[in-house]
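Some notes on the structure that comes next.
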Amino acid sequence: MKNKLLIIIGLIIFIELFVFHNGGVLFLLVAFALYVLSVQKNEKMYASIALVFAILAILSMVTLRWLIPVAIIYWLYHHYKRDAYVPVFFGTYQTEEKPYPWKNQGVTRVFGNVTIDATKTILPLEPAFISIFQGIGKTTILVPYDVECYIAVNQGYGRVFINGEPVTSTQSIVIEEGGRRKLMIHVSIGLGEVEIWQK
């Protein structure tokens with residue numbers, strides 16, 4: 001277990017340094033050195049300073065953004081077991097082309113395209129959820145015009161389009177404000193485009 005944890009930490013440091021070029025991860029190395037020093041000298045002050053550096057390192061990490069969608073997917077899975085959760089990691093995912101009963105969507109893909117068409121169903125009066133955690137691929141979501149949508153996108157590389165128009169800010173976008181039905185959309189994607197269309 002300890003070896004697996006060290007491998008995961010090492011992988012995170014490698015990604016931060018060489019993929020995202022994040023120098024803030026050096027705080028983590030300083031924190032580790034101070035922790036070792038506190039153990040050797042039995043000084044709690046070094047451990048306290050190490051904790052401050054560790055917090056600074058965690059707050060500056062890009063990979064931390066990936067933990068949020070994982071937590072959302074976990075929550076959706078355990079609170080909405082009656083709904084659709086798709087644990088397949090590769091290939092294309094698409095909702096049915098004919099009318100279907102709505103189920104909250106939690107889709108995880110390492111590689112592949114995802115298409116969710118919410119216009120072929122009747123959304124419930126309580127808030128509905130779409131949560132997509134994707135490594136590489138294109139995400140397309142079709143939503144009805146009369147539905148209020150809250151959209152949040154965490155993206156590594158790629159672009160976001162709403163009704164064909166590029167969007168620069170991807171935090172807390174709201175479209176069709178005041179609609180009777182509400183749809184919460186969260187997309188976390190490493191590489192690829194996100195398209196949301198009203199239909």
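Following the order of the structure tokens, first chain is A, next is B, and so on, with residues numbered from 1 inside each chain and ligands from 1 in the order they appear.
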Name all residues at most 7 Å from region 27-37 of chain A (count only C-alpha atoms; drop same-chain ones fewer than 6 positions away) and give them as a PyMOL selection string. chain A and resi 46-47+50-51+53-54+56-57
All residues 7 Å or closer to Asn163 (chain A), only C-alpha atoms, same chain fewer than 3 positions away omitted, as number ranges by chain: A: 196-198
Can you tell me, as a count of residues only, what residues are no more than 12 Å from Gly91 (chain A) when counting only C-alpha atoms, ignoring any on the same chain fewer than 6 positions away? 14
Quote the spacing between CA of Ile175 (chain A) and CA of Lys98 (chain A) in Å to one decimal place. 25.4 Å
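Considering the residues A:Gly178, A:Gly158, A:Pro101, A:Pro166 and counting only C-alpha atoms, Pro124 (chain A) has its shortest atom-to-atom contact with A:Pro101.
Between Glu177 (chain A) and the residues A:Glu126, A:Glu148, A:Glu43, A:Asp117, the shortest atom-to-atom distance, using only C-alpha atoms, involves A:Glu148.
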Which polymer residues have any atom within 9 Å of an atom of Thr168 (chain A), counting only C-alpha atoms, with same-chain residues fewer than 3 positions away left out, as a tab-separated table (two decimals) with N, CA, C and O atoms, in the first residue's frame?
chain	number	residue	atom	x	y	z
A	159	ARG	N	-11.28	23.33	-26.78
A	159	ARG	CA	-12.16	24.49	-26.77
A	159	ARG	C	-13.56	24.09	-26.34
A	159	ARG	O	-13.95	22.93	-26.45
A	160	VAL	N	-14.32	25.09	-25.88
A	160	VAL	CA	-15.70	24.89	-25.46
A	160	VAL	C	-16.59	25.76	-26.35
A	160	VAL	O	-16.30	26.94	-26.56
A	161	PHE	N	-17.66	25.15	-26.88
A	161	PHE	CA	-18.60	25.87	-27.71
A	161	PHE	C	-20.00	25.72	-27.14
A	161	PHE	O	-20.39	24.63	-26.72
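In this model, the gap between CA of Leu125 (chain A) and CA of Val143 (chain A) comes to 14.9 Å.
Put simply, CA of Glu96 (chain A) is 14.7 Å away from CA of Leu123 (chain A).
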Need the shell around Met184 (chain A): protein/DNA/RNA residues with any atom at most 8 Å away, counting only C-alpha atoms. Skip same-chain ones fewer than 5 positions apart. Format as an MDAnalysis selection string? chainID A and resid 127:130 149:151
